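Participant: So that you have it, the file is coords04.tsv, and it contains TSV, C-alpha atoms and all ligand atoms:
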chain	number	residue	atom	x	y	z
T	1	MET	CA	123.16	2.00	9.39
T	2	ALA	CA	122.09	3.01	5.85
T	3	PRO	CA	121.97	0.10	3.40
T	4	ARG	CA	124.86	-0.12	0.95
T	5	LYS	CA	123.85	1.66	-2.26
T	6	PHE	CA	124.35	-0.48	-5.37
T	7	PHE	CA	127.31	0.77	-7.42
T	8	VAL	CA	127.87	0.26	-11.15
T	9	GLY	CA	131.15	1.38	-12.66
T	10	GLY	CA	132.04	1.30	-16.35
T	11	ASN	CA	135.74	0.97	-17.12
T	12	TRP	CA	136.24	2.06	-20.71
T	13	LYS	CA	139.96	1.26	-20.51
T	14	CYS	CA	142.15	2.50	-23.40
T	15	ASN	CA	139.35	2.57	-25.97
T	16	GLY	CA	137.51	4.98	-28.18
T	17	THR	CA	137.47	8.38	-29.81
T	18	GLY	CA	135.66	11.61	-29.04
T	19	ASP	CA	132.84	10.42	-31.31
T	20	ASP	CA	132.58	7.16	-29.36
T	21	VAL	CA	132.31	9.14	-26.12
T	22	LYS	CA	129.39	11.08	-27.61
T	23	LYS	CA	127.68	7.85	-28.72
T	24	ILE	CA	128.09	6.02	-25.40
T	25	VAL	CA	127.03	9.04	-23.37
T	26	THR	CA	123.97	9.56	-25.56
T	27	VAL	CA	122.83	6.01	-24.84
T	28	LEU	CA	123.37	6.54	-21.10
T	29	ASN	CA	121.66	9.92	-21.08
T	30	GLU	CA	118.57	8.52	-22.80
T	31	ALA	CA	118.36	5.43	-20.58
T	32	GLU	CA	115.66	4.94	-18.01
T	33	VAL	CA	117.43	3.59	-14.95
T	34	PRO	CA	116.64	3.21	-11.24
T	35	SER	CA	116.88	6.45	-9.27
T	36	GLU	CA	120.04	7.86	-7.72
T	37	ASP	CA	118.76	6.61	-4.39
T	38	ALA	CA	118.97	3.04	-5.64
T	39	VAL	CA	122.12	3.03	-7.75
T	40	GLU	CA	125.32	5.03	-8.12
T	41	VAL	CA	126.68	5.02	-11.68
T	42	VAL	CA	130.25	6.01	-12.49
T	43	VAL	CA	131.88	5.74	-15.92
T	44	SER	CA	135.60	5.84	-16.49
T	45	PRO	CA	136.80	7.18	-19.82
T	46	PRO	CA	140.49	7.56	-20.68
T	47	PHE	CA	142.07	10.69	-19.12
T	48	VAL	CA	141.90	12.66	-22.37
T	49	PHE	CA	138.12	12.29	-22.57
T	50	LEU	CA	137.30	12.98	-18.90
T	51	GLN	CA	136.33	16.59	-19.44
T	52	GLN	CA	134.31	15.84	-22.56
T	53	ALA	CA	132.44	13.06	-20.79
T	54	THR	CA	131.85	15.21	-17.71
T	55	GLY	CA	130.39	17.98	-19.88
T	56	LEU	CA	128.01	15.68	-21.74
T	57	LEU	CA	126.97	13.21	-19.05
T	58	ARG	CA	123.65	13.39	-17.19
T	59	PRO	CA	124.04	14.93	-13.73
T	60	ASP	CA	123.07	11.78	-11.83
T	61	PHE	CA	126.05	9.85	-13.28
T	62	ALA	CA	129.68	10.63	-12.38
T	63	VAL	CA	133.09	9.98	-13.90
T	64	ALA	CA	136.22	8.24	-12.66
T	65	ALA	CA	139.80	8.41	-13.87
T	66	GLN	CA	141.47	5.06	-14.52
T	67	ASN	CA	144.61	5.80	-12.50
T	68	CYS	CA	146.57	8.58	-10.86
T	69	TRP	CA	150.08	9.23	-9.60
T	70	VAL	CA	151.06	7.96	-6.18
T	71	ARG	CA	152.05	11.29	-4.64
T	72	LYS	CA	151.98	15.02	-5.31
T	73	GLY	CA	152.61	15.90	-8.95
T	74	GLY	CA	155.95	17.17	-10.21
T	75	ALA	CA	158.72	15.76	-12.40
T	76	PHE	CA	156.87	12.55	-13.34
T	77	THR	CA	156.58	12.66	-17.11
T	78	GLY	CA	153.39	11.13	-18.42
T	79	GLU	CA	151.66	10.88	-15.06
T	80	ILE	CA	148.43	12.54	-13.90
T	81	SER	CA	148.22	13.61	-10.27
T	82	ALA	CA	145.32	13.26	-7.87
T	83	GLU	CA	145.39	17.06	-7.47
T	84	MET	CA	144.79	17.47	-11.20
T	85	LEU	CA	141.76	15.21	-11.05
T	86	VAL	CA	140.40	17.20	-8.12
T	87	ASN	CA	141.06	20.41	-10.06
T	88	LEU	CA	138.99	19.04	-12.98
T	89	GLN	CA	136.25	18.04	-10.50
T	90	VAL	CA	136.68	14.35	-11.30
T	91	PRO	CA	135.23	12.69	-8.20
T	92	TRP	CA	136.42	9.09	-8.58
T	93	VAL	CA	139.55	7.17	-9.53
T	94	ILE	CA	140.10	3.45	-10.24
T	95	LEU	CA	143.30	2.21	-8.58
T	96	GLY	CA	145.03	-1.17	-8.56
T	97	HIS	CA	143.37	-2.57	-11.67
T	98	SER	CA	144.88	-5.97	-12.46
T	99	GLU	CA	146.00	-4.81	-15.90
T	100	ARG	CA	148.19	-2.20	-14.20
T	101	ARG	CA	149.33	-4.63	-11.50
T	102	ALA	CA	150.36	-7.16	-14.18
T	103	LEU	CA	151.54	-5.01	-17.09
T	104	LEU	CA	153.07	-2.12	-15.15
T	105	ASN	CA	154.23	-4.09	-12.11
T	106	GLU	CA	152.16	-2.15	-9.62
T	107	SER	CA	152.67	-3.86	-6.26
T	108	SER	CA	150.06	-4.03	-3.50
T	109	ASP	CA	152.11	-1.54	-1.46
T	110	PHE	CA	152.30	0.90	-4.36
T	111	VAL	CA	148.56	0.57	-4.97
T	112	ALA	CA	147.90	1.12	-1.26
T	113	ASP	CA	150.06	4.27	-1.30
T	114	LYS	CA	148.05	5.52	-4.26
T	115	VAL	CA	144.76	4.78	-2.52
T	116	ALA	CA	145.87	6.63	0.61
T	117	TYR	CA	147.15	9.63	-1.32
T	118	ALA	CA	144.07	9.88	-3.57
T	119	LEU	CA	141.72	9.68	-0.58
T	120	ALA	CA	143.73	12.35	1.24
T	121	GLN	CA	143.24	14.67	-1.75
T	122	GLY	CA	139.47	14.14	-1.60
T	123	LEU	CA	139.02	11.60	-4.38
T	124	LYS	CA	136.77	8.57	-4.01
T	125	VAL	CA	138.49	5.31	-4.89
T	126	ILE	CA	137.45	2.16	-6.73
T	127	ALA	CA	140.18	-0.11	-5.32
T	128	CYS	CA	140.73	-3.32	-7.29
T	129	ILE	CA	141.96	-6.66	-5.98
T	130	GLY	CA	141.78	-10.23	-7.29
T	131	GLU	CA	143.57	-13.52	-7.77
T	132	THR	CA	145.09	-15.07	-10.89
T	133	LEU	CA	143.95	-18.44	-12.24
T	134	GLU	CA	147.08	-20.11	-10.82
T	135	GLN	CA	146.35	-18.67	-7.39
T	136	ARG	CA	142.73	-19.87	-7.53
T	137	GLU	CA	143.79	-23.32	-8.65
T	138	ALA	CA	146.32	-23.42	-5.82
T	139	GLY	CA	143.50	-22.68	-3.36
T	140	THR	CA	145.00	-19.36	-2.26
T	141	THR	CA	142.26	-16.98	-3.45
T	142	MET	CA	141.27	-15.72	0.00
T	143	GLU	CA	144.88	-15.39	1.10
T	144	VAL	CA	145.70	-13.29	-2.00
T	145	VAL	CA	142.73	-10.93	-1.78
T	146	ALA	CA	143.17	-10.57	1.99
T	147	ALA	CA	146.82	-9.58	1.51
T	148	GLN	CA	145.86	-7.03	-1.16
T	149	THR	CA	143.17	-5.61	1.15
T	150	LYS	CA	145.53	-5.61	4.15
T	151	ALA	CA	148.06	-3.51	2.21
T	152	ILE	CA	145.33	-0.87	1.78
T	153	ALA	CA	143.97	-1.22	5.33
T	154	GLU	CA	147.42	-0.52	6.73
T	155	LYS	CA	147.54	2.84	4.98
T	156	ILE	CA	144.04	4.24	5.40
T	157	SER	CA	141.80	4.80	8.38
T	158	ASP	CA	138.59	5.97	6.73
T	159	TRP	CA	136.85	3.59	4.31
T	160	THR	CA	133.87	5.87	3.59
T	161	ASN	CA	135.09	6.77	0.11
T	162	VAL	CA	136.39	3.36	-0.90
T	163	VAL	CA	134.55	0.85	-3.06
T	164	LEU	CA	136.40	-2.46	-2.76
T	165	THR	CA	136.37	-4.19	-6.12
T	166	TYR	CA	136.88	-7.94	-6.40
T	167	GLU	CA	138.03	-8.78	-9.90
T	168	PRO	CA	139.36	-12.30	-10.41
T	169	VAL	CA	142.07	-11.86	-13.05
T	170	TRP	CA	140.93	-15.02	-14.86
T	171	ALA	CA	137.49	-13.46	-15.38
T	172	ILE	CA	138.59	-10.10	-16.75
T	173	GLY	CA	137.99	-9.76	-20.47
T	174	THR	CA	137.85	-13.54	-20.88
T	175	GLY	CA	134.12	-14.18	-21.05
T	176	LYS	CA	134.60	-16.54	-18.04
T	177	VAL	CA	132.48	-14.90	-15.38
T	178	ALA	CA	132.71	-16.08	-11.77
T	179	SER	CA	129.64	-18.05	-10.78
T	180	PRO	CA	127.34	-16.25	-8.35
T	181	ALA	CA	128.44	-18.74	-5.66
T	182	GLN	CA	132.16	-18.14	-6.37
T	183	ALA	CA	131.70	-14.37	-6.22
T	184	GLN	CA	129.57	-14.53	-3.06
T	185	GLU	CA	132.14	-16.76	-1.32
T	186	VAL	CA	134.93	-14.23	-1.86
T	187	HIS	CA	132.76	-11.18	-1.07
T	188	ASP	CA	131.61	-12.84	2.16
T	189	GLY	CA	135.24	-13.66	2.98
T	190	LEU	CA	136.28	-10.06	2.34
T	191	ARG	CA	133.50	-8.69	4.51
T	192	LYS	CA	134.55	-11.07	7.30
T	193	TRP	CA	138.16	-9.99	6.82
T	194	LEU	CA	137.14	-6.33	7.16
T	195	GLN	CA	135.09	-7.15	10.23
T	196	ALA	CA	137.98	-8.92	11.95
T	197	ASN	CA	140.74	-6.57	10.88
T	198	VAL	CA	139.20	-3.13	10.43
T	199	GLY	CA	135.92	-3.21	12.34
T	200	PRO	CA	132.24	-4.19	12.12
T	201	ALA	CA	131.01	-0.76	11.00
T	202	VAL	CA	133.43	-0.65	8.06
T	203	ALA	CA	132.59	-4.26	7.15
T	204	GLU	CA	128.88	-3.45	7.17
T	205	SER	CA	129.07	-0.19	5.23
T	206	THR	CA	131.84	-0.77	2.66
T	207	ARG	CA	130.59	-1.67	-0.76
T	208	ILE	CA	132.25	-4.74	-2.25
T	209	ILE	CA	131.62	-4.93	-5.99
T	210	TYR	CA	132.45	-7.61	-8.55
T	211	GLY	CA	134.17	-7.27	-11.92
T	212	GLY	CA	135.04	-9.80	-14.60
T	213	SER	CA	133.02	-10.53	-17.75
T	214	VAL	CA	129.79	-9.08	-16.35
T	215	ASN	CA	127.19	-8.59	-19.06
T	216	GLY	CA	123.49	-7.96	-19.55
T	217	ALA	CA	122.72	-11.67	-19.34
T	218	ASN	CA	124.63	-12.67	-16.18
T	219	CYS	CA	124.27	-9.54	-14.04
T	220	LYS	CA	120.90	-10.29	-12.40
T	221	GLU	CA	121.93	-13.52	-10.73
T	222	LEU	CA	125.20	-12.02	-9.52
T	223	ALA	CA	123.43	-8.90	-8.23
T	224	ALA	CA	121.15	-11.09	-6.11
T	225	GLN	CA	124.08	-12.29	-3.97
T	226	PRO	CA	123.85	-10.78	-0.48
T	227	ASP	CA	127.44	-9.52	-0.27
T	228	LEU	CA	127.69	-8.27	-3.83
T	229	ASP	CA	127.04	-4.52	-3.90
T	230	GLY	CA	127.50	-3.77	-7.57
T	231	PHE	CA	129.81	-4.19	-10.53
T	232	LEU	CA	132.86	-2.87	-12.29
T	233	VAL	CA	132.24	-3.55	-15.95
T	234	GLY	CA	134.84	-3.48	-18.72
T	235	GLY	CA	133.85	-4.62	-22.21
T	236	ALA	CA	130.09	-4.40	-21.70
T	237	SER	CA	130.36	-0.81	-20.43
T	238	LEU	CA	131.08	0.27	-24.02
T	239	LYS	CA	127.81	-1.25	-25.21
T	240	PRO	CA	124.11	-0.45	-24.71
T	241	GLU	CA	123.80	-3.53	-22.45
T	242	PHE	CA	125.54	-1.48	-19.75
T	243	VAL	CA	122.06	-0.03	-19.17
T	244	ASP	CA	120.75	-3.53	-18.36
T	245	ILE	CA	123.57	-3.94	-15.85
T	246	ILE	CA	122.61	-0.64	-14.19
T	247	LYS	CA	119.02	-1.89	-14.03
T	248	SER	CA	120.12	-5.03	-12.15
T	249	ALA	CA	120.37	-2.78	-9.09
T	250	THR	CA	116.67	-3.22	-8.39
T	301	LIG	C1	137.59	-4.69	-15.90
T	301	LIG	O1	138.54	-4.54	-16.63
T	301	LIG	O2	137.50	-4.04	-14.85
T	301	LIG	C2	136.60	-5.70	-16.29
T	301	LIG	C3	135.81	-6.16	-15.37
T	301	LIG	O3	136.59	-6.08	-17.60
T	301	LIG	P1	135.52	-7.05	-18.33
T	301	LIG	O4	134.15	-6.67	-17.84
T	301	LIG	O5	135.69	-6.78	-19.79
T	301	LIG	O6	135.87	-8.44	-17.93
Here is a file; write its structure as structure tokens.

Facilitator:
Amino acid sequence: MAPRKFFVGGNWKCNGTGDDVKKIVTVLNEAEVPSEDAVEVVVSPPFVFLQQATGLLRPDFAVAAQNCWVRKGGAFTGEISAEMLVNLQVPWVILGHSERRALLNESSDFVADKVAYALAQGLKVIACIGETLEQREAGTTMEVVAAQTKAIAEKISDWTNVVLTYEPVWAIGTGKVASPAQAQEVHDGLRKWLQANVGPAVAESTRIIYGGSVNGANCKELAAQPDLDGFLVGGASLKPEFVDIIKSAT
């Protein structure tokens, strides 16, 4: 089986202007990074900048939307459908981000429906899961992330186009990164969960990436963990140090 290619995603969240897009993309386009064979790089601007970013970005990097509607488009004011993303040739979408789970009450079932629908339309999915601080302190981390993964596993049969993204909520945007050992423990647990509940081939081939206060200084040690196949980066993806995070692939 082919080794899992390192994946680095940049989640720009609800930030920036058209000028900022130009600036960030210029830095990325001028960066010397490992080859496409070694790392897959995907940046995720807000919807309104997807086309601009796609037009400017180097061909070896791709874009992701930060969300999409759960079913076929229609009378859903303010939503963006998976079909629209496909129509714009946006290859990836982030689904289930903890900010949406918490602020917009997206349940694991709703996220799983979105994942299944997006995959069925031909999108590739960065599917986010993760525990809160209270859940970690209560010792239920594995239980929580397994339940979030199970919701998805019950609704999809092909994991080829899924990147499973472990993002402890307490580490997102807080500057409190998970230690390499903490991240590895959960990634290993998730891979074992996939092995037992989905199958050994899916467990072996599915990329499990980490997100939560990753930066240029802490990425190398995290990247060295055997079950950590890349990163989803928030704050640092808006800065030149994102290039250092991409370089941690090799
Ligand atoms: C994220 O929002 O996906 C994230 C990981 O954010 P940050 O890197 O800023 O913690």

Participant: Near Gln184 (chain T), within 10 Å and counting all atoms listed in the file, which residues show up once chain neighbours fewer than 2 positions away are dropped, as a PyMOL selection string?

Facilitator: chain T and resi 178-182+186-190+210+222-228

Participant: What does the distance between CA of Glu137 (chain T) and CA of Glu99 (chain T) come to in Å, to one decimal place?

Facilitator: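 Separating CA of Glu137 (chain T) from CA of Glu99 (chain T) is a distance of 20.0 Å.
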
Participant: Hey, which bits of chain T sit within 7 Å of ligand LIG 301 (chain T), and for each residue what's the closest pair of atoms and how far apart in Å (one decimal), counting only C-alpha atoms and all ligand atoms, rows by chain and increasing number, as a tab-separated table?

Facilitator:
residue	atom	partner	partner_atom	distance
T:Asn11	CA	T:LIG301	O2	5.8
T:His97	CA	T:LIG301	O2	6.8
T:Glu167	CA	T:LIG301	C3	6.5
T:Ala171	CA	T:LIG301	O6	5.9
T:Ile172	CA	T:LIG301	O6	3.4
T:Gly173	CA	T:LIG301	O6	3.6
T:Thr174	CA	T:LIG301	O6	6.2
T:Gly175	CA	T:LIG301	O6	6.8
T:Gly211	CA	T:LIG301	C3	4.0
T:Gly212	CA	T:LIG301	O6	3.7
T:Ser213	CA	T:LIG301	O6	3.5
T:Val214	CA	T:LIG301	O4	5.2
T:Leu232	CA	T:LIG301	C3	5.4
T:Val233	CA	T:LIG301	O4	4.1
T:Gly234	CA	T:LIG301	O3	3.3
T:Gly235	CA	T:LIG301	O5	3.7
T:Ala236	CA	T:LIG301	O4	6.0

Participant: Could you please take those selected residues and save C-alpha atoms as a compact mmCIF listing (two decimals), in the frame of the given file?

Facilitator:
# COMPACT_ATOMS: atom_id res chain seq x y z
CA ASN T 11 135.74 0.97 -17.12
CA HIS T 97 143.37 -2.57 -11.67
CA GLU T 167 138.03 -8.78 -9.90
CA ALA T 171 137.49 -13.46 -15.38
CA ILE T 172 138.59 -10.10 -16.75
CA GLY T 173 137.99 -9.76 -20.47
CA THR T 174 137.85 -13.54 -20.88
CA GLY T 175 134.12 -14.18 -21.05
CA GLY T 211 134.17 -7.27 -11.92
CA GLY T 212 135.04 -9.80 -14.60
CA SER T 213 133.02 -10.53 -17.75
CA VAL T 214 129.79 -9.08 -16.35
CA LEU T 232 132.86 -2.87 -12.29
CA VAL T 233 132.24 -3.55 -15.95
CA GLY T 234 134.84 -3.48 -18.72
CA GLY T 235 133.85 -4.62 -22.21
CA ALA T 236 130.09 -4.40 -21.70

Participant: Which residue out of T:Ala151, T:Lys247, T:Cys68, T:Glu83 has the minimum interatomic distance to Glu36 (chain T) when only C-alpha atoms are used?

Facilitator: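 Of T:Ala151, T:Lys247, T:Cys68, T:Glu83, the one nearest Glu36 (chain T), counting only C-alpha atoms, is T:Lys247.
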
Participant: Just to confirm, what's the straight-line distance from CA of Lys72 (chain T) to CA of Thr206 (chain T) in Å (one decimal)?

Facilitator: 26.8 Å

Participant: Which residues are near Asn29 (chain T)? Cut-off 8 Å, all atoms listed in the file, ignore same chain within fewer than 3 positions. Put them as number ranges by chain.

Facilitator: T: 25-26, 57-58

Participant: Tell me which protein, DNA and RNA residues are within 10 Å of Ala203 (chain T), counting all atoms listed in the file, leaving out same-chain ones fewer than 4 positions away, and put them as a PyMOL selection string.

Facilitator: chain T and resi 159+188+190-199+207-208

Participant: My list of candidates is T:Val243, T:Val202, T:Val169, T:Ala153. Which is closest to Cys219 (chain T) when distances are computed with all atoms listed in the file?

Facilitator: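 That would be T:Val243, the residue with the smallest distance to Cys219 (chain T).
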
Participant: In Å, how far is it from CA of Asp109 (chain T) to CA of Ser237 (chain T)?

Facilitator: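 A separation of 28.9 Å between them.
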
Participant: Write out as a PDB file with C-alpha atoms, in the frame of the given file which residues come within 6 Å of region 111-123 of chain T when counting all atoms listed in the file, dropping same-chain ones fewer than 3 positions away.

Facilitator:
ATOM      1  CA  VAL T  70     151.060   7.960  -6.180  1.00  0.00           C
ATOM      2  CA  ALA T  82     145.320  13.260  -7.870  1.00  0.00           C
ATOM      3  CA  PRO T  91     135.230  12.690  -8.200  1.00  0.00           C
ATOM      4  CA  TRP T  92     136.420   9.090  -8.580  1.00  0.00           C
ATOM      5  CA  GLY T  96     145.030  -1.170  -8.560  1.00  0.00           C
ATOM      6  CA  SER T 108     150.060  -4.030  -3.500  1.00  0.00           C
ATOM      7  CA  ALA T 151     148.060  -3.510   2.210  1.00  0.00           C
ATOM      8  CA  ILE T 152     145.330  -0.870   1.780  1.00  0.00           C
ATOM      9  CA  ILE T 156     144.040   4.240   5.400  1.00  0.00           C
TER      10      ILE T 156
END

Participant: Which is closer to Trp170 (chain T) than all the others in T:Pro46, T:Leu133, T:Glu204, T:Gly139, using only C-alpha atoms?

Facilitator: T:Leu133

Participant: Using all atoms listed in the file, find the one residue out of T:Val33, T:Phe76, T:Thr165, T:Glu221 that sits nearest to Ala127 (chain T).

Facilitator: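 Nearest to Ala127 (chain T): T:Thr165.
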
Participant: Got a sec: who's within 10 Å of Val90 (chain T), counting all atoms listed in the file, leaving out chain neighbours fewer than 5 positions off, as a PyMOL selection string?

Facilitator: chain T and resi 50-51+54+62-65+82-85+123-124

Participant: Next, dump the selected residues to file, keeping only C-alpha atoms, as an mmCIF file, in the frame of the given file.

Facilitator:
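This is the output file out-v3.cif:
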data_model
loop_
_atom_site.group_PDB
_atom_site.id
_atom_site.type_symbol
_atom_site.label_atom_id
_atom_site.label_comp_id
_atom_site.auth_asym_id
_atom_site.auth_seq_id
_atom_site.Cartn_x
_atom_site.Cartn_y
_atom_site.Cartn_z
ATOM 1 C CA LEU T 50 137.300 12.980 -18.900
ATOM 2 C CA GLN T 51 136.330 16.590 -19.440
ATOM 3 C CA THR T 54 131.850 15.210 -17.710
ATOM 4 C CA ALA T 62 129.680 10.630 -12.380
ATOM 5 C CA VAL T 63 133.090 9.980 -13.900
ATOM 6 C CA ALA T 64 136.220 8.240 -12.660
ATOM 7 C CA ALA T 65 139.800 8.410 -13.870
ATOM 8 C CA ALA T 82 145.320 13.260 -7.870
ATOM 9 C CA GLU T 83 145.390 17.060 -7.470
ATOM 10 C CA MET T 84 144.790 17.470 -11.200
ATOM 11 C CA LEU T 85 141.760 15.210 -11.050
ATOM 12 C CA LEU T 123 139.020 11.600 -4.380
ATOM 13 C CA LYS T 124 136.770 8.570 -4.010
#

Participant: My list of candidates is T:Leu238, T:Val177, T:Val43, T:Glu32. Which is closest to Asn218 (chain T) when distances are computed with only C-alpha atoms?

Facilitator: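 Closest candidate: T:Val177.
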
Participant: Given the choices T:Pro34, T:Gly130, T:Gly230, T:Gly10, which gets closest to Gln148 (chain T) if the distance is worked out from all atoms listed in the file?

Facilitator: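 Once distances to Gln148 (chain T) are computed over all atoms listed in the file, the minimum belongs to T:Gly130.
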